[in-house]
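Here is the file data00.txt (compact mmCIF, C-alpha atoms and all ligand atoms).
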# COMPACT_ATOMS: atom_id res chain seq x y z
CA MET Y 160 -56.10 33.73 11.23
CA ASP Y 161 -59.94 33.49 11.01
CA ALA Y 162 -62.29 36.32 12.09
CA ALA Y 163 -62.90 34.86 15.58
CA GLU Y 164 -59.18 34.45 16.23
CA SER Y 165 -58.42 37.96 14.98
CA SER Y 166 -61.15 39.41 17.22
CA LYS Y 167 -59.73 37.50 20.23
CA ALA Y 168 -56.23 38.78 19.44
CA LYS Y 169 -57.56 42.36 19.23
CA ILE Y 170 -59.29 42.02 22.63
CA ALA Y 171 -56.13 40.53 24.18
CA SER Y 172 -54.05 43.40 22.86
CA LEU Y 173 -56.62 45.92 24.10
CA ILE Y 174 -56.50 44.34 27.58
CA GLN Y 175 -52.69 44.55 27.51
CA ASP Y 176 -52.92 48.26 26.61
CA VAL Y 177 -55.37 48.89 29.46
CA LYS Y 178 -53.10 47.01 31.90
CA LYS Y 179 -50.05 48.96 30.75
CA SER Y 180 -51.71 52.37 31.09
CA TRP Y 181 -53.11 51.26 34.44
CA ASP Y 182 -49.64 50.29 35.67
CA ASP Y 183 -48.26 53.64 34.50
CA GLU Y 184 -51.06 55.45 36.34
CA LEU Y 185 -50.30 53.50 39.52
CA GLN Y 186 -46.57 54.21 39.24
CA GLN Y 187 -47.36 57.92 39.07
CA LEU Y 188 -49.69 57.68 42.04
CA VAL Y 189 -47.12 55.84 44.18
CA GLN Y 190 -44.54 58.56 43.60
CA THR Y 191 -46.85 61.16 45.14
CA LEU Y 192 -47.64 59.22 48.32
CA PRO Y 193 -45.86 59.52 51.72
CA LYS Y 194 -44.15 56.24 52.53
CA GLU Y 195 -43.11 54.39 55.71
CA GLU Y 196 -41.50 51.07 56.47
CA GLY Y 197 -44.07 48.24 56.82
CA TRP Y 198 -44.18 45.94 59.85
CA ILE Y 199 -43.70 42.72 57.91
CA SER Y 200 -42.18 43.51 54.52
CA GLY Y 201 -42.63 46.14 51.87
CA SER Y 202 -43.72 49.70 52.52
CA LEU Y 203 -46.84 51.40 53.76
CA TYR Y 204 -48.21 54.23 51.60
CA LEU Y 205 -50.42 56.98 52.98
CA TYR Y 206 -53.30 56.72 50.52
CA GLN Y 207 -56.57 58.61 51.08
CA GLY Y 208 -55.64 59.11 54.74
CA PHE Y 209 -54.83 55.50 55.62
CA TRP Y 210 -51.59 53.50 55.55
CA CYS Y 211 -52.02 51.03 52.73
CA PRO Y 212 -49.57 48.10 52.46
CA ALA Y 213 -47.69 48.36 49.14
CA ILE Y 214 -48.72 44.83 48.21
CA VAL Y 215 -52.42 45.73 48.14
CA LEU Y 216 -52.31 49.30 46.87
CA LYS Y 217 -53.04 48.25 43.30
CA PRO Y 218 -55.85 45.84 44.29
CA VAL Y 219 -57.39 48.50 46.55
CA VAL Y 220 -57.47 50.99 43.68
CA SER Y 221 -58.92 48.33 41.34
CA PHE Y 222 -61.56 47.46 43.92
CA GLN Y 223 -62.47 51.13 44.26
CA LYS Y 224 -62.61 51.67 40.52
CA HIS Y 225 -64.34 48.55 39.32
CA PHE Y 226 -66.40 46.88 42.03
CA GLN Y 227 -70.13 47.07 41.46
CA ALA Y 228 -72.07 46.10 44.56
CA PHE Y 229 -75.37 44.26 44.36
CA ASP Y 230 -78.14 45.24 46.78
CA SER Y 231 -78.00 41.74 48.21
CA ASP Y 232 -74.21 41.78 48.89
CA VAL Y 233 -72.78 41.51 52.39
CA MET Y 234 -69.36 42.95 53.23
CA VAL Y 235 -67.42 41.96 56.31
CA ALA Y 236 -65.28 45.01 57.12
CA THR Y 237 -62.62 44.94 59.79
CA PHE Y 238 -59.44 46.47 61.06
CA PRO Y 239 -56.66 43.84 60.95
CA LYS Y 240 -56.36 41.63 64.07
CA CYS Y 241 -59.77 42.63 65.40
CA GLY Y 242 -61.51 39.30 64.79
CA THR Y 243 -61.81 39.12 61.00
CA THR Y 244 -61.36 35.35 60.87
CA TRP Y 245 -64.00 34.82 63.54
CA LEU Y 246 -66.50 37.25 61.99
CA LYS Y 247 -66.04 35.67 58.56
CA ALA Y 248 -66.85 32.24 60.01
CA LEU Y 249 -69.85 33.54 61.95
CA THR Y 250 -71.30 35.51 59.05
CA PHE Y 251 -70.80 32.66 56.60
CA SER Y 252 -72.41 30.11 58.92
CA THR Y 253 -75.34 32.39 59.77
CA LEU Y 254 -76.07 33.71 56.29
CA TYR Y 255 -75.96 30.39 54.45
CA ARG Y 256 -77.21 28.09 57.21
CA SER Y 257 -80.28 26.98 55.24
CA GLN Y 258 -78.04 25.92 52.32
CA PHE Y 259 -75.98 23.52 54.42
CA SER Y 260 -78.52 22.24 56.87
CA ARG Y 261 -77.94 19.14 58.90
CA GLY Y 262 -77.55 15.83 57.22
CA GLY Y 263 -77.01 17.50 53.85
CA ILE Y 264 -73.82 18.49 52.08
CA GLU Y 265 -70.69 18.59 54.23
CA HIS Y 266 -70.38 22.06 55.71
CA PRO Y 267 -67.80 24.05 53.66
CA SER Y 268 -66.17 25.36 56.83
CA LEU Y 269 -64.82 21.86 57.45
CA THR Y 270 -62.88 21.89 54.21
CA SER Y 271 -62.10 25.59 53.62
CA THR Y 272 -60.72 28.26 55.92
CA PRO Y 273 -62.83 31.33 56.81
CA HIS Y 274 -60.55 33.38 54.52
CA GLN Y 275 -61.20 31.06 51.59
CA LEU Y 276 -64.95 31.10 52.22
CA VAL Y 277 -65.16 34.87 52.57
CA ARG Y 278 -62.57 36.32 50.25
CA PHE Y 279 -60.73 39.56 50.90
CA MET Y 280 -61.21 42.10 48.12
CA GLU Y 281 -57.68 43.49 48.36
CA TYR Y 282 -55.70 40.36 49.27
CA ASP Y 283 -57.59 37.93 47.07
CA VAL Y 284 -60.36 38.94 44.64
CA TYR Y 285 -58.49 41.92 43.12
CA ALA Y 286 -54.98 40.69 43.96
CA ASN Y 287 -54.09 39.50 40.47
CA ASN Y 288 -56.96 40.77 38.39
CA PRO Y 289 -58.05 44.40 38.22
CA CYS Y 290 -61.42 43.47 36.74
CA PRO Y 291 -62.61 40.03 37.89
CA ASP Y 292 -65.85 38.58 36.54
CA PRO Y 293 -68.60 39.65 39.01
CA GLU Y 294 -70.36 36.31 38.58
CA ASN Y 295 -67.31 34.33 39.63
CA ILE Y 296 -65.97 36.27 42.56
CA CYS Y 297 -68.18 34.57 45.11
CA VAL Y 298 -69.67 31.12 44.60
CA TYR Y 299 -72.41 31.64 47.19
CA LYS Y 300 -75.58 33.69 46.91
CA PRO Y 301 -76.06 36.32 48.25
CA ARG Y 302 -72.45 37.32 47.69
CA LEU Y 303 -70.29 37.72 50.76
CA PHE Y 304 -66.86 39.42 50.79
CA ALA Y 305 -64.44 41.04 53.18
CA THR Y 306 -62.21 44.08 53.28
CA HIS Y 307 -59.92 46.09 55.56
CA VAL Y 308 -60.48 49.25 53.48
CA PRO Y 309 -61.73 52.20 55.60
CA HIS Y 310 -65.34 53.32 55.17
CA ALA Y 311 -64.39 56.59 53.48
CA SER Y 312 -62.43 54.70 50.81
CA LEU Y 313 -65.00 52.02 49.97
CA PRO Y 314 -66.22 51.94 46.37
CA THR Y 315 -69.19 54.27 45.99
CA SER Y 316 -71.46 51.45 44.83
CA ILE Y 317 -71.14 49.83 48.26
CA LYS Y 318 -72.34 52.99 49.93
CA ASP Y 319 -74.99 53.83 47.33
CA SER Y 320 -76.51 50.34 47.11
CA LYS Y 321 -78.33 48.39 49.79
CA CYS Y 322 -75.27 46.19 50.31
CA LYS Y 323 -74.89 45.52 54.03
CA ILE Y 324 -71.69 45.99 56.01
CA VAL Y 325 -70.80 44.02 59.14
CA TYR Y 326 -67.89 45.59 61.03
CA ILE Y 327 -65.90 44.27 63.96
CA CYS Y 328 -63.53 46.21 66.14
CA ARG Y 329 -61.49 45.29 69.19
CA ASN Y 330 -59.88 47.16 72.05
CA PRO Y 331 -56.72 48.74 70.58
CA MET Y 332 -54.44 47.27 73.26
CA ASP Y 333 -55.22 43.64 72.41
CA MET Y 334 -55.31 44.53 68.73
CA PHE Y 335 -51.82 46.03 68.92
CA VAL Y 336 -50.37 43.00 70.74
CA SER Y 337 -52.02 40.67 68.23
CA LEU Y 338 -50.60 42.58 65.25
CA TRP Y 339 -47.14 42.91 66.73
CA LEU Y 340 -46.80 39.17 67.46
CA PHE Y 341 -48.42 38.24 64.13
CA SER Y 342 -46.04 40.53 62.21
CA ASN Y 343 -43.03 39.12 64.06
CA LYS Y 344 -44.00 35.59 63.02
CA LEU Y 345 -44.28 36.61 59.38
CA ARG Y 346 -40.97 38.43 59.12
CA ASP Y 347 -38.20 36.70 57.21
CA GLU Y 348 -35.67 34.71 59.23
CA ASN Y 349 -32.97 37.19 58.24
CA GLN Y 350 -34.99 40.16 59.53
CA GLU Y 351 -34.66 41.26 63.16
CA SER Y 352 -37.71 40.90 65.41
CA LEU Y 353 -39.77 44.06 65.65
CA SER Y 354 -38.77 46.19 68.61
CA PRO Y 355 -41.91 46.61 70.74
CA ASN Y 356 -41.09 50.26 71.49
CA LYS Y 357 -40.61 51.09 67.83
CA VAL Y 358 -43.80 49.45 66.57
CA PHE Y 359 -45.79 50.74 69.52
CA ASP Y 360 -44.72 54.26 68.62
CA MET Y 361 -45.65 53.65 64.97
CA PHE Y 362 -49.02 52.24 66.06
CA CYS Y 363 -49.75 55.30 68.20
CA ARG Y 364 -48.92 57.50 65.21
CA GLY Y 365 -51.37 55.47 63.12
CA ILE Y 366 -48.63 53.84 61.04
CA CYS Y 367 -49.73 50.24 60.58
CA ALA Y 368 -51.66 48.44 57.85
CA PHE Y 369 -54.96 50.33 57.28
CA GLY Y 370 -54.23 52.56 60.29
CA PRO Y 371 -54.91 54.67 62.16
CA ILE Y 372 -57.27 52.30 63.96
CA PHE Y 373 -59.19 55.17 65.55
CA ASP Y 374 -60.19 56.76 62.24
CA HIS Y 375 -61.06 53.33 60.84
CA ALA Y 376 -63.29 52.39 63.77
CA LEU Y 377 -64.86 55.84 64.06
CA GLU Y 378 -65.83 56.02 60.41
CA TYR Y 379 -67.65 52.69 60.61
CA TRP Y 380 -69.05 53.59 64.04
CA ASN Y 381 -70.50 56.86 62.73
CA ALA Y 382 -71.89 55.11 59.64
CA SER Y 383 -73.56 52.52 61.89
CA GLN Y 384 -75.09 55.27 64.02
CA GLU Y 385 -76.38 57.11 60.97
CA ASN Y 386 -77.72 54.03 59.22
CA PRO Y 387 -78.07 51.02 61.51
CA ASP Y 388 -79.80 48.97 58.81
CA LYS Y 389 -76.77 49.39 56.56
CA VAL Y 390 -73.83 49.01 58.96
CA LEU Y 391 -73.71 46.69 61.96
CA PHE Y 392 -70.93 47.54 64.43
CA LEU Y 393 -69.73 44.63 66.54
CA LYS Y 394 -67.02 44.42 69.19
CA TYR Y 395 -64.75 41.43 69.73
CA GLU Y 396 -65.18 41.69 73.51
CA ASP Y 397 -69.00 41.61 73.24
CA LEU Y 398 -68.80 38.46 71.12
CA LYS Y 399 -66.54 36.90 73.73
CA GLU Y 400 -68.92 37.85 76.51
CA ASP Y 401 -72.20 36.72 74.97
CA ILE Y 402 -71.90 35.12 71.57
CA SER Y 403 -75.54 33.99 71.39
CA SER Y 404 -77.04 37.45 71.68
CA GLN Y 405 -74.46 38.89 69.24
CA LEU Y 406 -75.27 36.11 66.76
CA LYS Y 407 -78.95 36.95 67.05
CA ARG Y 408 -78.14 40.62 66.34
CA LEU Y 409 -76.09 39.53 63.33
CA SER Y 410 -78.84 37.27 61.94
CA MET Y 411 -81.49 39.99 62.35
CA PHE Y 412 -79.25 42.50 60.62
CA LEU Y 413 -78.57 40.13 57.73
CA GLY Y 414 -82.31 39.63 57.27
CA VAL Y 415 -82.18 35.96 58.25
CA PRO Y 416 -83.30 36.00 61.90
CA PHE Y 417 -83.21 32.71 63.78
CA THR Y 418 -86.69 31.25 63.97
CA GLU Y 419 -88.19 30.06 67.25
CA ASP Y 420 -87.75 26.50 66.02
CA GLU Y 421 -84.08 27.11 65.24
CA GLU Y 422 -83.53 28.60 68.66
CA LYS Y 423 -85.25 25.62 70.29
CA GLN Y 424 -83.11 23.23 68.27
CA GLY Y 425 -79.96 25.01 69.45
CA VAL Y 426 -78.88 26.32 66.03
CA VAL Y 427 -77.46 29.52 67.56
CA GLU Y 428 -75.27 27.60 69.99
CA GLU Y 429 -74.24 25.22 67.23
CA ILE Y 430 -72.98 28.08 65.03
CA ALA Y 431 -71.19 29.62 68.02
CA LYS Y 432 -69.47 26.32 68.71
CA VAL Y 433 -68.50 25.54 65.12
CA CYS Y 434 -66.94 29.03 64.83
CA SER Y 435 -65.30 29.06 68.26
CA PHE Y 436 -61.56 29.62 68.55
CA ASP Y 437 -60.86 26.07 69.79
CA LYS Y 438 -62.97 24.39 67.09
CA LEU Y 439 -61.62 26.44 64.21
CA ARG Y 440 -58.01 26.17 65.32
CA GLU Y 441 -58.22 22.40 65.57
CA LEU Y 442 -59.59 21.89 62.05
CA GLU Y 443 -57.01 20.33 59.74
CA VAL Y 444 -57.80 22.89 57.06
CA ASN Y 445 -56.85 25.72 59.43
CA LYS Y 446 -53.64 24.05 60.56
CA LYS Y 447 -51.95 23.54 57.21
CA GLY Y 448 -51.20 25.46 54.07
CA LEU Y 449 -51.04 29.10 53.10
CA HIS Y 450 -53.63 31.73 52.38
CA ILE Y 451 -53.44 33.24 48.89
CA SER Y 452 -51.62 36.21 50.49
CA GLY Y 453 -48.84 33.80 51.57
CA ILE Y 454 -49.78 33.81 55.27
CA PRO Y 455 -49.91 30.36 56.91
CA HIS Y 456 -53.51 29.58 57.85
CA LYS Y 457 -52.49 28.61 61.36
CA ASP Y 458 -51.13 32.11 62.06
CA PHE Y 459 -54.64 33.55 62.11
CA PHE Y 460 -55.14 31.73 65.42
CA ARG Y 461 -53.06 32.64 68.47
CA LYS Y 462 -54.78 32.96 71.88
CA GLY Y 463 -58.16 34.48 71.12
CA LYS Y 464 -58.46 36.14 74.55
CA VAL Y 465 -59.52 39.52 75.89
CA GLY Y 466 -56.97 41.31 78.07
CA ASP Y 467 -53.78 39.59 76.86
CA TRP Y 468 -52.31 43.09 76.44
CA SER Y 469 -51.62 43.12 80.18
CA ASN Y 470 -48.94 40.44 79.61
CA TYR Y 471 -47.05 42.60 77.12
CA LEU Y 472 -47.61 46.35 77.52
CA THR Y 473 -45.55 48.37 79.98
CA PRO Y 474 -47.31 50.90 82.28
CA SER Y 475 -46.00 53.77 80.14
CA MET Y 476 -47.37 52.17 76.96
CA VAL Y 477 -50.76 51.72 78.64
CA GLU Y 478 -50.72 55.32 79.79
CA ARG Y 479 -49.91 56.61 76.29
CA LEU Y 480 -52.59 54.49 74.65
CA GLU Y 481 -55.21 55.38 77.25
CA LYS Y 482 -54.54 59.06 76.63
CA LEU Y 483 -54.82 58.55 72.88
CA ILE Y 484 -58.06 56.61 73.24
CA HIS Y 485 -59.57 59.41 75.29
CA GLU Y 486 -58.35 62.02 72.80
CA LYS Y 487 -59.69 60.20 69.79
CA LEU Y 488 -62.91 58.66 71.05
CA ASP Y 489 -64.27 60.91 73.79
CA GLY Y 490 -67.67 62.24 72.81
CA SER Y 491 -68.11 59.76 69.96
CA GLY Y 492 -70.11 57.23 71.96
CA LEU Y 493 -67.61 54.51 70.98
CA THR Y 494 -66.04 52.80 73.97
CA PHE Y 495 -64.00 49.65 74.47
CA ASN Y 496 -63.94 46.94 77.06
CA PHE Y 497 -60.39 46.07 78.12
CA SER Y 498 -61.35 43.22 80.45
CA SER Y 499 -61.79 43.84 84.14
CA LYS Y 500 -58.13 44.72 84.67
CA ILE Y 501 -58.35 48.42 83.87
CA SER Y 502 -61.08 50.94 83.61
CA LEU Y 503 -60.74 54.07 81.52
CA ASP Y 504 -63.23 56.01 83.63
P1 LIG Y 601 -54.86 37.05 69.26
O1 LIG Y 601 -53.61 37.33 68.51
O2 LIG Y 601 -55.10 38.05 70.37
O3 LIG Y 601 -54.97 35.66 69.76
P2 LIG Y 601 -57.90 38.60 62.60
O4 LIG Y 601 -58.76 37.43 62.32
O5 LIG Y 601 -58.60 39.92 62.38
O6 LIG Y 601 -56.59 38.52 61.93
O7 LIG Y 601 -57.63 38.61 64.17
C1 LIG Y 601 -56.83 37.63 64.73
C2 LIG Y 601 -57.15 37.56 66.21
O8 LIG Y 601 -58.40 36.89 66.38
C3 LIG Y 601 -56.12 36.71 66.92
O9 LIG Y 601 -56.09 37.24 68.26
C4 LIG Y 601 -56.75 35.34 66.87
O10 LIG Y 601 -56.25 34.44 67.83
C5 LIG Y 601 -58.21 35.69 67.13
N1 LIG Y 601 -59.15 34.68 66.63
C6 LIG Y 601 -59.09 33.93 65.49
N2 LIG Y 601 -60.15 33.12 65.40
C7 LIG Y 601 -60.92 33.35 66.49
C8 LIG Y 601 -62.14 32.80 66.97
N3 LIG Y 601 -62.79 31.86 66.31
N4 LIG Y 601 -62.62 33.27 68.13
C9 LIG Y 601 -61.98 34.22 68.84
N5 LIG Y 601 -60.81 34.79 68.44
C10 LIG Y 601 -60.29 34.36 67.28

For the file at hand, write its structure as structure tokens.
Amino acid sequence: MDAAESSKAKIASLIQDVKKSWDDELQQLVQTLPKEEGWISGSLYLYQGFWCPAIVLKPVVSFQKHFQAFDSDVMVATFPKCGTTWLKALTFSTLYRSQFSRGGIEHPSLTSTPHQLVRFMEYDVYANNPCPDPENICVYKPRLFATHVPHASLPTSIKDSKCKIVYICRNPMDMFVSLWLFSNKLRDENQESLSPNKVFDMFCRGICAFGPIFDHALEYWNASQENPDKVLFLKYEDLKEDISSQLKRLSMFLGVPFTEDEEKQGVVEEIAKVCSFDKLRELEVNKKGLHISGIPHKDFFRKGKVGDWSNYLTPSMVERLEKLIHEKLDGSGLTFNFSSKISLD
């Protein structure tokens, strides 16, 4: 063995040692955490106050330990089923629009899904590698990523740097229905369908991936109130109501405001259309294949409507959730639009 080979072998063995001690550390951690049954498969662990799916616990800890944010980074942060796919597409198309202007290279969103373009830290970047090469984790500049990790549990470098965070939330009733139906689709054929009463009760007790939703939303809401240049808080319902003005907010926040010329040329409307539910769902790339997490790409698109909860929730479920929303959010300034069908006032 020559010197170069021997040095490589030493590094490989060192990496193995680090991985082994890291796995031991994680095993010890897992034993100390409260555990509940997950909605799809595997367990949920109560880690740092949120219910972390077992499958991403290790990547979440790696992300927290090793991720070094750049000042120019942008993080799309969301609670599951609140419009992550949509926000990824909108942020990607807005942030990089000058790199894929008309007539040039084919727009990447025609050949890659929003989840491939804007990779999840916990389900993708850190899924199989505790220490990925920072240069290779995003092919675009500035770097753009996504996460479901709550604000309090983000790596400190995200909070300490000038990295920007774009957050989207959605009214908890539609979010619950979306997650319940999504989880049912992903359960194995030999598993029973989720009982709506059982998962609704779990949801109200905060037991769902990255839950409770109220703590998640409030942490990002408070951060956006304290530092509006750092955290932009968006709502799914506002995007549905007036996508153009929300896109303008997004572009201003990202530091790439639409120019007068762009507005005249209809660039804002073009981005809104390219990222719309109907357009994205009909793209071949979003109809076939699996995301790296194993989820079929097509399952990220269902109805894309506000107020669908009224087709699923019973009056007693609505009453319980309304009460919870009041309890958790009153006085915070954070409110939700549930469509015109109910008013919480
Ligand atoms: P529904 O199940 O209510 O239809 P996430 O992307 O966070 O997983 O959220 C999924 C929800 O967003 C699903 O809601 C899905 O249909 C909806 N969605 C996906 N793409 C969308 C788009 N481009 N515009 C609006 N809603 C979208």

Task: Exercise: stretch 280-284 of chain Y partners within 6 Å, all atoms listed in the file, chain neighbours under 5 positions left out, as a PyMOL selection string - done: chain Y and resi 215+218-219+306+452

Based on the selection just made, write C-alpha atoms of those residues as a PDB file, in the frame of the given file.
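Ended up saving to part-v3.pdb:
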ATOM      1  CA  VAL Y 215     -52.420  45.730  48.140  1.00  0.00           C
ATOM      2  CA  PRO Y 218     -55.850  45.840  44.290  1.00  0.00           C
ATOM      3  CA  VAL Y 219     -57.390  48.500  46.550  1.00  0.00           C
ATOM      4  CA  THR Y 306     -62.210  44.080  53.280  1.00  0.00           C
ATOM      5  CA  SER Y 452     -51.620  36.210  50.490  1.00  0.00           C
TER       6      SER Y 452
END

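Nearest residue to ligand LIG 601 (chain Y) among Y:Val427, Y:Ala228, Y:Cys434, Y:Cys367 is Y:Cys434, counting all atoms listed in the file.
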
Within 6 Å of ligand LIG 601 (chain Y) (all atoms listed in the file), residues as a compact mmCIF listing (two decimals) with C-alpha atoms, in the frame of the given file:
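The new file result-v4.txt reads:
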# COMPACT_ATOMS: atom_id res chain seq x y z
CA PRO Y 239 -56.66 43.84 60.95
CA LYS Y 240 -56.36 41.63 64.07
CA CYS Y 241 -59.77 42.63 65.40
CA GLY Y 242 -61.51 39.30 64.79
CA THR Y 243 -61.81 39.12 61.00
CA THR Y 244 -61.36 35.35 60.87
CA TRP Y 245 -64.00 34.82 63.54
CA ASP Y 333 -55.22 43.64 72.41
CA SER Y 337 -52.02 40.67 68.23
CA CYS Y 434 -66.94 29.03 64.83
CA SER Y 435 -65.30 29.06 68.26
CA PHE Y 436 -61.56 29.62 68.55
CA LEU Y 439 -61.62 26.44 64.21
CA PHE Y 459 -54.64 33.55 62.11
CA PHE Y 460 -55.14 31.73 65.42
CA ARG Y 461 -53.06 32.64 68.47
CA LYS Y 462 -54.78 32.96 71.88
CA GLY Y 463 -58.16 34.48 71.12
CA LYS Y 464 -58.46 36.14 74.55

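Picture a line from atom CA of Y:Leu409 to atom CA of Y:Glu422; it runs 14.3 Å.
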
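What separates atom CA of Y:Glu164 from atom CA of Y:Asp182 is a distance of 26.8 Å.
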
Open item on the list: Residues within 8 Å of Y:Ser316, please, as an MDAnalysis selection string. Count all atoms listed in the file; anything in the same chain fewer than 4 positions from it doesn't count.
Closed with: chainID Y and resid 226:228 320

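Note that the spacing between atom CA of Y:Pro267 and atom CA of Y:Cys297 amounts to 13.6 Å.
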